[in-house]
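Here is data.pdb, consisting of PDB, C-alpha atoms, pLDDT in the B column:
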```
ATOM      1  CA  LEU X   1      95.564-182.286-148.823  1.00 44.00           C
ATOM      2  CA  PHE X   2      93.234-179.304-149.088  1.00 43.00           C
ATOM      3  CA  GLY X   3      93.483-178.952-145.329  1.00 47.00           C
ATOM      4  CA  ILE X   4      97.283-178.756-145.448  1.00 45.00           C
ATOM      5  CA  PHE X   5      97.219-176.018-148.136  1.00 44.00           C
ATOM      6  CA  GLY X   6      94.736-174.019-146.086  1.00 49.00           C
ATOM      7  CA  VAL X   7      96.973-173.981-143.025  1.00 44.00           C
ATOM      8  CA  ILE X   8     100.013-172.920-145.110  1.00 44.00           C
ATOM      9  CA  SER X   9      97.963-170.141-146.734  1.00 49.00           C
ATOM     10  CA  ASP X  10      96.861-168.811-143.336  1.00 51.00           C
ATOM     11  CA  LEU X  11     100.411-168.767-142.074  1.00 44.00           C
ATOM     12  CA  ILE X  12     101.661-166.850-145.086  1.00 44.00           C
ATOM     13  CA  SER X  13      98.781-164.405-144.831  1.00 47.00           C
ATOM     14  CA  SER X  14      99.418-163.836-141.149  1.00 47.00           C
ATOM     15  CA  SER X  15     103.113-163.283-141.764  1.00 46.00           C
ATOM     16  CA  TRP X  16     102.446-160.591-144.401  1.00 41.00           C
ATOM     17  CA  SER X  17      99.912-158.801-142.296  1.00 44.00           C
ATOM     18  CA  ASP X  18     102.266-158.547-139.310  1.00 44.00           C
ATOM     19  CA  ASP X  19     105.044-157.250-141.484  1.00 46.00           C
ATOM     20  CA  ILE X  20     102.854-154.630-143.072  1.00 41.00           C
ATOM     21  CA  TYR X  21     101.531-153.568-139.681  1.00 44.00           C
ATOM     22  CA  THR X  22     104.987-153.380-138.267  1.00 44.00           C
ATOM     23  CA  LYS X  23     106.319-151.286-141.120  1.00 45.00           C
ATOM     24  CA  THR X  24     103.322-148.996-141.084  1.00 45.00           C
ATOM     25  CA  THR X  25     103.453-148.549-137.400  1.00 45.00           C
ATOM     26  CA  THR X  26     107.188-147.933-137.413  1.00 45.00           C
ATOM     27  CA  THR X  27     106.934-145.464-140.287  1.00 48.00           C
ATOM     28  CA  ASN X  28     104.101-143.504-138.661  1.00 51.00           C
ATOM     29  CA  THR X  29     105.752-143.214-135.226  1.00 53.00           C
ATOM     30  CA  ILE X  30     109.157-141.742-136.370  1.00 58.00           C
ATOM     31  CA  LYS X  31     108.967-137.965-136.104  1.00 58.00           C
ATOM     32  CA  PRO X  32     111.351-135.769-138.113  1.00 61.00           C
ATOM     33  CA  THR X  33     114.023-134.041-136.032  1.00 64.00           C
ATOM     34  CA  PRO X  34     113.133-130.304-135.871  1.00 63.00           C
ATOM     35  CA  LYS X  35     115.676-127.851-137.304  1.00 63.00           C
ATOM     36  CA  PRO X  36     117.361-125.812-134.599  1.00 64.00           C
ATOM     37  CA  LYS X  37     116.225-122.209-134.450  1.00 65.00           C
ATOM     38  CA  PRO X  38     118.956-119.707-135.276  1.00 65.00           C
ATOM     39  CA  THR X  39     120.380-118.075-132.193  1.00 66.00           C
ATOM     40  CA  PRO X  40     119.540-114.328-132.323  1.00 65.00           C
ATOM     41  CA  LYS X  41     122.574-112.116-132.587  1.00 67.00           C
ATOM     42  CA  ALA X  42     123.234-110.151-129.461  1.00 65.00           C
ATOM     43  CA  LYS X  43     122.675-106.436-129.915  1.00 69.00           C
ATOM     44  CA  PRO X  44     125.875-104.457-129.446  1.00 70.00           C
ATOM     45  CA  ARG X  45     125.930-102.579-126.187  1.00 72.00           C
ATOM     46  CA  PRO X  46     125.847 -98.813-126.611  1.00 71.00           C
ATOM     47  CA  LYS X  47     129.151 -97.175-125.881  1.00 71.00           C
ATOM     48  CA  PRO X  48     129.052 -95.393-122.573  1.00 71.00           C
ATOM     49  CA  LYS X  49     128.941 -91.633-122.911  1.00 74.00           C
ATOM     50  CA  PRO X  50     132.133 -90.009-121.775  1.00 73.00           C
ATOM     51  CA  THR X  51     131.810 -88.462-118.364  1.00 74.00           C
ATOM     52  CA  PRO X  52     131.980 -84.684-118.786  1.00 73.00           C
ATOM     53  CA  LYS X  53     135.003 -83.167-117.189  1.00 75.00           C
ATOM     54  CA  ALA X  54     134.217 -81.224-114.099  1.00 70.00           C
ATOM     55  CA  LYS X  55     134.562 -77.515-114.666  1.00 72.00           C
ATOM     56  CA  PRO X  56     137.352 -76.031-112.635  1.00 71.00           C
ATOM     57  CA  ARG X  57     136.041 -73.984-109.774  1.00 76.00           C
ATOM     58  CA  SER X  58     136.479 -70.311-110.308  1.00 72.00           C
ATOM     59  CA  LYS X  59     138.613 -68.612-107.734  1.00 79.00           C
ATOM     60  CA  PRO X  60     136.645 -66.426-105.338  1.00 86.00           C
ATOM     61  CA  GLU X  61     136.949 -62.703-105.882  1.00 89.00           C
ATOM     62  CA  LYS X  62     139.383 -60.927-103.624  1.00 95.00           C
ATOM     63  CA  TYR X  63     138.484 -57.547-102.174  1.00 96.00           C
ATOM     64  CA  PHE X  64     140.068 -54.623-100.441  1.00 98.00           C
ATOM     65  CA  GLU X  65     137.797 -53.437 -97.636  1.00 97.00           C
ATOM     66  CA  LYS X  66     137.525 -50.080 -95.937  1.00 97.00           C
ATOM     67  CA  ASN X  67     135.155 -48.972 -93.169  1.00 98.00           C
ATOM     68  CA  THR X  68     134.131 -45.375 -93.672  1.00 97.00           C
ATOM     69  CA  TYR X  69     132.337 -42.890 -91.396  1.00 97.00           C
ATOM     70  CA  TRP X  70     131.303 -39.391 -92.360  1.00 98.00           C
ATOM     71  CA  LYS X  71     128.956 -36.582 -91.436  1.00 98.00           C
ATOM     72  CA  THR X  72     126.769 -34.761 -93.940  1.00 98.00           C
ATOM     73  CA  ASN X  73     126.800 -30.963 -94.101  1.00 97.00           C
ATOM     74  CA  PHE X  74     123.178 -30.884 -92.917  1.00 96.00           C
ATOM     75  CA  GLY X  75     123.702 -33.049 -89.824  1.00 96.00           C
ATOM     76  CA  PRO X  76     123.178 -36.826 -90.103  1.00 98.00           C
ATOM     77  CA  LYS X  77     126.105 -39.229 -89.818  1.00 98.00           C
ATOM     78  CA  HIS X  78     126.558 -42.277 -92.002  1.00 98.00           C
ATOM     79  CA  ARG X  79     128.808 -45.269 -92.292  1.00 97.00           C
ATOM     80  CA  GLY X  80     129.528 -48.040 -94.753  1.00 97.00           C
ATOM     81  CA  LEU X  81     131.895 -50.830 -95.719  1.00 98.00           C
ATOM     82  CA  ILE X  82     133.547 -50.100 -99.069  1.00 98.00           C
ATOM     83  CA  LYS X  83     134.545 -53.255-100.958  1.00 97.00           C
ATOM     84  CA  THR X  84     136.860 -52.845-103.936  1.00 98.00           C
ATOM     85  CA  LYS X  85     137.707 -55.805-106.168  1.00 97.00           C
ATOM     86  CA  GLU X  86     141.427 -56.413-106.499  1.00 98.00           C
ATOM     87  CA  ASN X  87     141.073 -56.894-110.276  1.00 97.00           C
ATOM     88  CA  ASP X  88     139.266 -53.550-110.602  1.00 98.00           C
ATOM     89  CA  TYR X  89     141.954 -51.806-108.591  1.00 98.00           C
ATOM     90  CA  TYR X  90     144.793 -53.099-110.776  1.00 98.00           C
ATOM     91  CA  SER X  91     142.812 -52.372-113.939  1.00 98.00           C
ATOM     92  CA  SER X  92     142.347 -48.802-112.719  1.00 98.00           C
ATOM     93  CA  ILE X  93     146.072 -48.328-112.093  1.00 98.00           C
ATOM     94  CA  ASN X  94     147.162 -49.975-115.346  1.00 98.00           C
ATOM     95  CA  ASN X  95     144.810 -47.829-117.405  1.00 98.00           C
ATOM     96  CA  ARG X  96     145.995 -44.655-115.694  1.00 98.00           C
ATOM     97  CA  LYS X  97     149.647 -45.595-116.277  1.00 97.00           C
ATOM     98  CA  LYS X  98     149.044 -45.828-120.033  1.00 97.00           C
ATOM     99  CA  LEU X  99     148.076 -42.159-120.183  1.00 98.00           C
ATOM    100  CA  SER X 100     150.560 -39.446-121.004  1.00 97.00           C
ATOM    101  CA  VAL X 101     151.233 -36.133-119.306  1.00 95.00           C
ATOM    102  CA  TYR X 102     151.284 -34.659-122.794  1.00 96.00           C
ATOM    103  CA  ASN X 103     147.562 -35.337-123.241  1.00 97.00           C
ATOM    104  CA  ASN X 104     145.256 -32.516-122.247  1.00 97.00           C
ATOM    105  CA  TRP X 105     143.490 -32.769-118.888  1.00 97.00           C
ATOM    106  CA  LYS X 106     140.080 -33.505-120.394  1.00 98.00           C
ATOM    107  CA  TYR X 107     141.378 -36.455-122.432  1.00 98.00           C
ATOM    108  CA  ASN X 108     142.979 -38.104-119.392  1.00 98.00           C
ATOM    109  CA  ALA X 109     139.918 -37.467-117.218  1.00 98.00           C
ATOM    110  CA  GLN X 110     137.586 -39.023-119.783  1.00 98.00           C
ATOM    111  CA  SER X 111     139.875 -42.043-120.106  1.00 98.00           C
ATOM    112  CA  VAL X 112     139.920 -42.887-116.393  1.00 98.00           C
ATOM    113  CA  ILE X 113     136.168 -42.263-116.193  1.00 98.00           C
ATOM    114  CA  ARG X 114     135.437 -44.689-119.048  1.00 98.00           C
ATOM    115  CA  ASN X 115     137.594 -47.395-117.495  1.00 98.00           C
ATOM    116  CA  ASP X 116     136.391 -47.024-113.901  1.00 98.00           C
ATOM    117  CA  GLN X 117     132.789 -45.829-113.988  1.00 98.00           C
ATOM    118  CA  ASN X 118     131.326 -49.361-113.902  1.00 98.00           C
ATOM    119  CA  ARG X 119     133.765 -50.618-111.264  1.00 98.00           C
ATOM    120  CA  LEU X 120     132.461 -48.564-108.340  1.00 98.00           C
ATOM    121  CA  ASP X 121     129.631 -50.821-107.139  1.00 97.00           C
ATOM    122  CA  GLY X 122     131.204 -51.076-103.693  1.00 96.00           C
ATOM    123  CA  VAL X 123     130.659 -47.333-103.175  1.00 98.00           C
ATOM    124  CA  ILE X 124     127.385 -46.955-105.058  1.00 98.00           C
ATOM    125  CA  SER X 125     125.774 -49.784-103.043  1.00 97.00           C
ATOM    126  CA  ILE X 126     126.284 -47.717 -99.864  1.00 98.00           C
ATOM    127  CA  PHE X 127     124.383 -44.760-101.348  1.00 98.00           C
ATOM    128  CA  ASN X 128     121.655 -47.055-102.692  1.00 98.00           C
ATOM    129  CA  ARG X 129     121.141 -48.451 -99.200  1.00 98.00           C
ATOM    130  CA  ILE X 130     120.913 -44.983 -97.648  1.00 98.00           C
ATOM    131  CA  LYS X 131     118.580 -43.796-100.394  1.00 97.00           C
ATOM    132  CA  ARG X 132     116.301 -46.745 -99.670  1.00 97.00           C
ATOM    133  CA  ASP X 133     116.314 -46.218 -95.906  1.00 97.00           C
ATOM    134  CA  LYS X 134     116.179 -42.408 -95.718  1.00 96.00           C
ATOM    135  CA  ARG X 135     113.787 -39.911 -97.229  1.00 93.00           C
ATOM    136  CA  TYR X 136     116.315 -37.362 -98.352  1.00 98.00           C
ATOM    137  CA  ASN X 137     115.326 -34.753-100.892  1.00 97.00           C
ATOM    138  CA  LYS X 138     117.414 -34.150-104.004  1.00 97.00           C
ATOM    139  CA  TYR X 139     119.631 -31.537-102.362  1.00 97.00           C
ATOM    140  CA  GLU X 140     120.209 -33.600 -99.212  1.00 98.00           C
ATOM    141  CA  PHE X 141     121.091 -36.708-101.200  1.00 98.00           C
ATOM    142  CA  ALA X 142     123.591 -34.733-103.299  1.00 98.00           C
ATOM    143  CA  ASP X 143     125.121 -33.436-100.058  1.00 98.00           C
ATOM    144  CA  LEU X 144     125.337 -37.006 -98.755  1.00 98.00           C
ATOM    145  CA  ILE X 145     127.514 -37.957-101.743  1.00 98.00           C
ATOM    146  CA  VAL X 146     129.624 -34.796-101.790  1.00 98.00           C
ATOM    147  CA  SER X 147     130.270 -34.886 -98.027  1.00 98.00           C
ATOM    148  CA  PHE X 148     131.438 -38.497 -98.374  1.00 98.00           C
ATOM    149  CA  VAL X 149     134.153 -37.378-100.814  1.00 98.00           C
ATOM    150  CA  GLN X 150     134.953 -34.218 -98.818  1.00 98.00           C
ATOM    151  CA  ASP X 151     135.726 -36.446 -95.839  1.00 98.00           C
ATOM    152  CA  ILE X 152     138.411 -38.440 -97.703  1.00 98.00           C
ATOM    153  CA  PRO X 153     141.799 -37.002 -96.651  1.00 98.00           C
ATOM    154  CA  TYR X 154     143.451 -34.533 -99.026  1.00 97.00           C
ATOM    155  CA  SER X 155     146.838 -35.638-100.322  1.00 97.00           C
ATOM    156  CA  LEU X 156     149.252 -34.703-103.087  1.00 94.00           C
ATOM    157  CA  ILE X 157     149.555 -37.240-105.903  1.00 96.00           C
ATOM    158  CA  ASP X 158     152.658 -39.383-106.335  1.00 90.00           C
ATOM    159  CA  ASN X 159     152.516 -40.010-110.087  1.00 95.00           C
ATOM    160  CA  ASP X 160     153.351 -38.058-113.254  1.00 93.00           C
ATOM    161  CA  LEU X 161     149.729 -37.693-114.323  1.00 95.00           C
ATOM    162  CA  ASP X 162     148.915 -35.836-111.098  1.00 95.00           C
ATOM    163  CA  ILE X 163     145.601 -37.654-110.546  1.00 97.00           C
ATOM    164  CA  TYR X 164     144.475 -40.976-109.135  1.00 98.00           C
ATOM    165  CA  ALA X 165     141.938 -42.891-111.186  1.00 98.00           C
ATOM    166  CA  PRO X 166     138.570 -43.292-109.367  1.00 98.00           C
ATOM    167  CA  VAL X 167     138.907 -46.930-108.231  1.00 98.00           C
ATOM    168  CA  GLU X 168     142.549 -46.350-107.348  1.00 98.00           C
ATOM    169  CA  PHE X 169     141.444 -43.321-105.306  1.00 98.00           C
ATOM    170  CA  ILE X 170     138.825 -45.304-103.358  1.00 98.00           C
ATOM    171  CA  LYS X 171     141.345 -48.022-102.513  1.00 98.00           C
ATOM    172  CA  LYS X 172     144.075 -45.572-101.429  1.00 98.00           C
ATOM    173  CA  TYR X 173     141.479 -43.370 -99.725  1.00 98.00           C
ATOM    174  CA  LYS X 174     143.375 -40.139-100.260  1.00 98.00           C
ATOM    175  CA  GLY X 175     143.735 -37.734-103.162  1.00 98.00           C
ATOM    176  CA  ASP X 176     143.820 -34.159-104.434  1.00 98.00           C
ATOM    177  CA  CYS X 177     141.163 -31.799-105.780  1.00 97.00           C
ATOM    178  CA  ASP X 178     140.736 -33.032-109.348  1.00 96.00           C
ATOM    179  CA  THR X 179     140.945 -36.671-108.219  1.00 98.00           C
ATOM    180  CA  LYS X 180     137.954 -35.891-105.983  1.00 98.00           C
ATOM    181  CA  THR X 181     135.977 -34.029-108.638  1.00 98.00           C
ATOM    182  CA  ILE X 182     136.446 -36.844-111.178  1.00 98.00           C
ATOM    183  CA  LEU X 183     135.022 -39.377-108.713  1.00 98.00           C
ATOM    184  CA  LEU X 184     132.145 -37.045-107.805  1.00 98.00           C
ATOM    185  CA  TYR X 185     131.389 -36.457-111.470  1.00 98.00           C
ATOM    186  CA  ILE X 186     130.814 -40.227-111.863  1.00 98.00           C
ATOM    187  CA  LEU X 187     128.848 -40.703-108.626  1.00 98.00           C
ATOM    188  CA  LEU X 188     126.488 -37.739-109.091  1.00 98.00           C
ATOM    189  CA  LYS X 189     125.786 -38.678-112.706  1.00 98.00           C
ATOM    190  CA  LYS X 190     124.976 -42.243-111.587  1.00 98.00           C
ATOM    191  CA  PHE X 191     122.139 -40.727-109.551  1.00 98.00           C
ATOM    192  CA  ASP X 192     120.948 -38.508-112.412  1.00 98.00           C
ATOM    193  CA  TYR X 193     122.396 -35.179-111.320  1.00 98.00           C
ATOM    194  CA  ASP X 194     123.325 -32.620-113.953  1.00 98.00           C
ATOM    195  CA  VAL X 195     126.979 -31.857-113.190  1.00 98.00           C
ATOM    196  CA  VAL X 196     130.153 -30.407-114.678  1.00 98.00           C
ATOM    197  CA  ILE X 197     133.754 -30.237-113.532  1.00 98.00           C
ATOM    198  CA  LEU X 198     135.032 -26.695-113.068  1.00 98.00           C
ATOM    199  CA  ASN X 199     138.776 -26.088-113.406  1.00 98.00           C
ATOM    200  CA  SER X 200     140.824 -22.968-112.812  1.00 98.00           C
ATOM    201  CA  TRP X 201     144.356 -22.660-114.166  1.00 95.00           C
ATOM    202  CA  GLN X 202     144.582 -19.339-112.381  1.00 97.00           C
ATOM    203  CA  TYR X 203     143.866 -20.895-108.992  1.00 97.00           C
ATOM    204  CA  LYS X 204     145.309 -24.334-109.875  1.00 96.00           C
ATOM    205  CA  HIS X 205     142.197 -25.905-108.451  1.00 97.00           C
ATOM    206  CA  SER X 206     139.245 -28.103-109.413  1.00 98.00           C
ATOM    207  CA  ILE X 207     135.691 -28.191-108.023  1.00 98.00           C
ATOM    208  CA  ILE X 208     132.352 -29.709-109.006  1.00 98.00           C
ATOM    209  CA  GLY X 209     129.470 -27.710-110.496  1.00 98.00           C
ATOM    210  CA  VAL X 210     125.899 -28.896-109.884  1.00 98.00           C
ATOM    211  CA  ASN X 211     122.741 -27.671-111.552  1.00 98.00           C
ATOM    212  CA  LEU X 212     120.648 -27.339-108.373  1.00 97.00           C
ATOM    213  CA  PRO X 213     118.903 -24.153-107.254  1.00 93.00           C
ATOM    214  CA  THR X 214     120.595 -22.390-104.352  1.00 95.00           C
ATOM    215  CA  ASN X 215     121.606 -18.899-103.220  1.00 90.00           C
ATOM    216  CA  GLY X 216     124.644 -16.874-104.191  1.00 87.00           C
ATOM    217  CA  ASN X 217     126.627 -15.964-107.270  1.00 91.00           C
ATOM    218  CA  SER X 218     129.157 -18.788-107.244  1.00 96.00           C
ATOM    219  CA  TYR X 219     128.002 -20.431-110.430  1.00 97.00           C
ATOM    220  CA  LYS X 220     129.087 -20.884-114.025  1.00 97.00           C
ATOM    221  CA  TYR X 221     126.487 -20.248-116.702  1.00 96.00           C
ATOM    222  CA  TYR X 222     126.663 -22.919-119.413  1.00 97.00           C
ATOM    223  CA  LYS X 223     124.183 -23.899-122.127  1.00 96.00           C
ATOM    224  CA  GLY X 224     121.410 -21.901-120.485  1.00 96.00           C
ATOM    225  CA  LYS X 225     121.886 -23.449-117.028  1.00 97.00           C
ATOM    226  CA  ARG X 226     123.542 -22.390-113.794  1.00 97.00           C
ATOM    227  CA  TYR X 227     126.097 -24.806-112.383  1.00 98.00           C
ATOM    228  CA  TYR X 228     126.720 -23.820-108.783  1.00 98.00           C
ATOM    229  CA  ALA X 229     130.233 -24.372-107.482  1.00 98.00           C
ATOM    230  CA  TRP X 230     130.822 -26.917-104.728  1.00 98.00           C
ATOM    231  CA  GLU X 231     134.162 -27.123-102.940  1.00 97.00           C
ATOM    232  CA  THR X 232     135.074 -30.789-102.453  1.00 96.00           C
ATOM    233  CA  THR X 233     138.586 -30.685-101.019  1.00 95.00           C
ATOM    234  CA  TYR X 234     137.621 -30.384 -97.337  1.00 94.00           C
ATOM    235  CA  PRO X 235     134.498 -31.084 -95.223  1.00 96.00           C
ATOM    236  CA  GLY X 236     132.010 -28.398 -94.323  1.00 96.00           C
ATOM    237  CA  TRP X 237     131.479 -26.657 -97.676  1.00 97.00           C
ATOM    238  CA  ILE X 238     127.915 -26.535 -98.989  1.00 97.00           C
ATOM    239  CA  LEU X 239     126.627 -25.938-102.516  1.00 97.00           C
ATOM    240  CA  GLY X 240     127.314 -22.407-103.752  1.00 95.00           C
ATOM    241  CA  ASN X 241     129.932 -21.574-101.110  1.00 92.00           C
ATOM    242  CA  ILE X 242     133.606 -21.651-102.064  1.00 93.00           C
ATOM    243  CA  PRO X 243     136.728 -20.240-100.352  1.00 94.00           C
ATOM    244  CA  PRO X 244     137.283 -16.474-100.829  1.00 94.00           C
ATOM    245  CA  LYS X 245     140.721 -17.006-102.386  1.00 95.00           C
ATOM    246  CA  VAL X 246     139.116 -18.802-105.363  1.00 96.00           C
ATOM    247  CA  PHE X 247     135.897 -16.805-105.384  1.00 94.00           C
ATOM    248  CA  ASN X 248     136.141 -15.030-108.750  1.00 97.00           C
ATOM    249  CA  MET X 249     134.100 -17.168-111.154  1.00 97.00           C
ATOM    250  CA  ASN X 250     135.705 -15.441-114.156  1.00 97.00           C
ATOM    251  CA  HIS X 251     138.778 -17.563-113.503  1.00 98.00           C
ATOM    252  CA  TRP X 252     136.832 -20.789-113.772  1.00 98.00           C
ATOM    253  CA  GLU X 253     135.999 -22.777-116.910  1.00 97.00           C
ATOM    254  CA  ILE X 254     134.107 -25.926-117.788  1.00 98.00           C
ATOM    255  CA  GLY X 255     136.680 -28.726-117.634  1.00 97.00           C
ATOM    256  CA  LEU X 256     134.243 -31.563-118.377  1.00 98.00           C
ATOM    257  CA  TYR X 257     130.560 -31.487-119.178  1.00 96.00           C
TER     258      TYR X 257
END
```
Render the structure in this file as structure tokens.
Amino acid sequence: LFGIFGVISDLISSSWSDDIYTKTTTTNTIKPTPKPKPTPKAKPRPKPKPTPKAKPRSKPEKYFEKNTYWKTNFGPKHRGLIKTKENDYYSSINNRKKLSVYNNWKYNAQSVIRNDQNRLDGVISIFNRIKRDKRYNKYEFADLIVSFVQDIPYSLIDNDLDIYAPVEFIKKYKGDCDTKTILLYILLKKFDYDVVILNSWQYKHSIIGVNLPTNGNSYKYYKGKRYYAWETTYPGWILGNIPPKVFNMNHWEIGLY
């Protein structure tokens, strides 16, 4: 009897131990399911910068061109290509057209000078080139400029104001006496010459006066300085020599200083 109870006890004990082992083993081997990681939000793409609009190409400048040849009064010959901007030419004409014949001569001269004096690079560049290449003294260089204007054909003016403005004059390449002296006044001053415009109502004529030493009595005394007369209408005249028919300096006055 004791033997039978012992066998039953062993069986029960074995059954409990297997169950406990199984439960323990099962419990220990089940791993918790990991929580899914949050998906990172995609960064918004930067907006593309707008492509800058291409700047419209500026239209190339248009020019009037004139080949010029002239001889100085002391011998050498020179040449150059004069380039005049179309815009400068029309500005010159439009400004001159705004002026009235009822203004005095000085007022109209000063007006065209103000408008045109910085629009003459096409002419001034020729003299700068010659100045660089030649060793002319102050008198010779002044003659170079004056002889250039003397060589431009003389012509009566076809407008009410009775002058061409400087840029207009260079483009048309013809003009009268005071048209020439106004241009020379600008050019000589650009190269640091002390000049005046001399006008005569008696002779109905205009010439340039330059403060450079020379011979003769054809000068106007002004502010302690002698401004020697220089005929600019035709080639061949040198500083201090003017035609006999306009020789009397008492009939001349300072038109523009």
Inset, instruction - Give me the result of the PyMOL selection byres ((chain X and resi 66) around 8) on this file, residue by residue, as a ChimeraX atom specification. - result: /X:64-65,67-68,81-83,171
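Residues surrounding Lys190 of chain X within 10 Å are Gln117, Asn118, Ile124, Leu184 and Tyr185 of chain X [only C-alpha atoms; sequence separation below 5 positions excluded].
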Legend entry - Sphere at (123.5, -15.0, -105.7), radius 12 Å, counting all atoms listed in the file: residues as a ChimeraX atom specification: /X:213-220,226,228-229,239-241
Inset, instruction - On this file, the PyMOL selection byres ((chain X and resi 246) around 12) gives some set of residues; write that set as an MDAnalysis selection string. - result: chainID X and resid 198:207 218 229:231 241:245 247:252
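Taking only C-alpha atoms into account, Asp116 of chain X lies nearest to X:Asn95 out of the set X:Asn104, X:Thr72, X:Asn95, X:Thr233.
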Inset, instruction - Give the answer as one residue: which of X:Thr232, X:Asp143, X:Ile186, X:Val195 has the shortest atom-to-atom distance to Val167 of chain X, using only C-alpha atoms? - result: X:Ile186
Legend entry - Picked residues, the PyMOL selection byres ((chain X and resi 164) around 12), as JSON, numbers by chain: {"X": [89, 92, 93, 94, 95, 96, 97, 99, 108, 109, 111, 112, 113, 116, 155, 156, 157, 158, 159, 160, 161, 162, 163, 165, 166, 167, 168, 169, 170, 171, 172, 173, 174, 175, 176, 177, 178, 179, 180, 181, 182, 183]}
Inset, instruction - Return the single residue from X:Lys71, X:Lys131, X:Lys62, X:Arg119 that is closest to Gln150 of chain X, with distances computed using all atoms listed in the file. - result: X:Lys71
Output segment 115-120 of chain X with all heavy atoms present, as a PDB file, in the frame of the given file.
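rebuild16.pdb, freshly written:
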```
ATOM      1  N   ASN X 115     137.088 -46.112-118.011  1.00 98.00           N
ATOM      2  CA  ASN X 115     137.594 -47.395-117.495  1.00 98.00           C
ATOM      3  C   ASN X 115     136.999 -47.752-116.135  1.00 98.00           C
ATOM      4  O   ASN X 115     136.756 -48.921-115.847  1.00 98.00           O
ATOM      5  CB  ASN X 115     139.114 -47.341-117.377  1.00 98.00           C
ATOM      6  CG  ASN X 115     139.704 -48.692-116.997  1.00 98.00           C
ATOM      7  OD1 ASN X 115     139.818 -49.581-117.836  1.00 98.00           O
ATOM      8  ND2 ASN X 115     140.089 -48.853-115.746  1.00 98.00           N
ATOM      9  N   ASP X 116     136.738 -46.750-115.302  1.00 98.00           N
ATOM     10  CA  ASP X 116     136.391 -47.024-113.901  1.00 98.00           C
ATOM     11  C   ASP X 116     134.926 -46.850-113.545  1.00 98.00           C
ATOM     12  O   ASP X 116     134.496 -47.292-112.475  1.00 98.00           O
ATOM     13  CB  ASP X 116     137.214 -46.107-112.982  1.00 98.00           C
ATOM     14  CG  ASP X 116     138.687 -46.491-112.943  1.00 98.00           C
ATOM     15  OD1 ASP X 116     139.152 -47.172-113.869  1.00 98.00           O
ATOM     16  OD2 ASP X 116     139.372 -46.098-111.987  1.00 98.00           O
ATOM     17  N   GLN X 117     134.141 -46.218-114.402  1.00 98.00           N
ATOM     18  CA  GLN X 117     132.789 -45.829-113.988  1.00 98.00           C
ATOM     19  C   GLN X 117     131.886 -47.014-113.655  1.00 98.00           C
ATOM     20  O   GLN X 117     130.940 -46.866-112.863  1.00 98.00           O
ATOM     21  CB  GLN X 117     132.139 -44.953-115.067  1.00 98.00           C
ATOM     22  CG  GLN X 117     131.946 -45.634-116.400  1.00 98.00           C
ATOM     23  CD  GLN X 117     131.422 -44.674-117.451  1.00 98.00           C
ATOM     24  OE1 GLN X 117     130.958 -43.586-117.141  1.00 98.00           O
ATOM     25  NE2 GLN X 117     131.506 -45.058-118.709  1.00 98.00           N
ATOM     26  N   ASN X 118     132.146 -48.192-114.213  1.00 98.00           N
ATOM     27  CA  ASN X 118     131.326 -49.361-113.902  1.00 98.00           C
ATOM     28  C   ASN X 118     132.016 -50.304-112.925  1.00 98.00           C
ATOM     29  O   ASN X 118     131.630 -51.481-112.799  1.00 98.00           O
ATOM     30  CB  ASN X 118     130.978 -50.108-115.193  1.00 98.00           C
ATOM     31  CG  ASN X 118     130.080 -49.294-116.105  1.00 98.00           C
ATOM     32  OD1 ASN X 118     129.178 -48.603-115.642  1.00 98.00           O
ATOM     33  ND2 ASN X 118     130.338 -49.336-117.398  1.00 98.00           N
ATOM     34  N   ARG X 119     133.020 -49.808-112.231  1.00 98.00           N
ATOM     35  CA  ARG X 119     133.765 -50.618-111.264  1.00 98.00           C
ATOM     36  C   ARG X 119     133.648 -50.039-109.848  1.00 98.00           C
ATOM     37  O   ARG X 119     134.489 -50.314-109.003  1.00 98.00           O
ATOM     38  CB  ARG X 119     135.239 -50.709-111.672  1.00 98.00           C
ATOM     39  CG  ARG X 119     135.473 -51.266-113.074  1.00 98.00           C
ATOM     40  CD  ARG X 119     136.949 -51.208-113.449  1.00 98.00           C
ATOM     41  NE  ARG X 119     137.163 -51.458-114.858  1.00 98.00           N
ATOM     42  CZ  ARG X 119     137.418 -52.653-115.392  1.00 98.00           C
ATOM     43  NH1 ARG X 119     137.493 -53.711-114.611  1.00 98.00           N
ATOM     44  NH2 ARG X 119     137.610 -52.793-116.694  1.00 98.00           N
ATOM     45  N   LEU X 120     132.617 -49.251-109.629  1.00 98.00           N
ATOM     46  CA  LEU X 120     132.461 -48.564-108.340  1.00 98.00           C
ATOM     47  C   LEU X 120     131.237 -49.049-107.559  1.00 98.00           C
ATOM     48  O   LEU X 120     130.682 -48.328-106.730  1.00 98.00           O
ATOM     49  CB  LEU X 120     132.365 -47.050-108.567  1.00 98.00           C
ATOM     50  CG  LEU X 120     133.653 -46.388-109.079  1.00 98.00           C
ATOM     51  CD1 LEU X 120     133.360 -44.999-109.634  1.00 98.00           C
ATOM     52  CD2 LEU X 120     134.691 -46.313-107.973  1.00 98.00           C
TER      53      LEU X 120
END
```
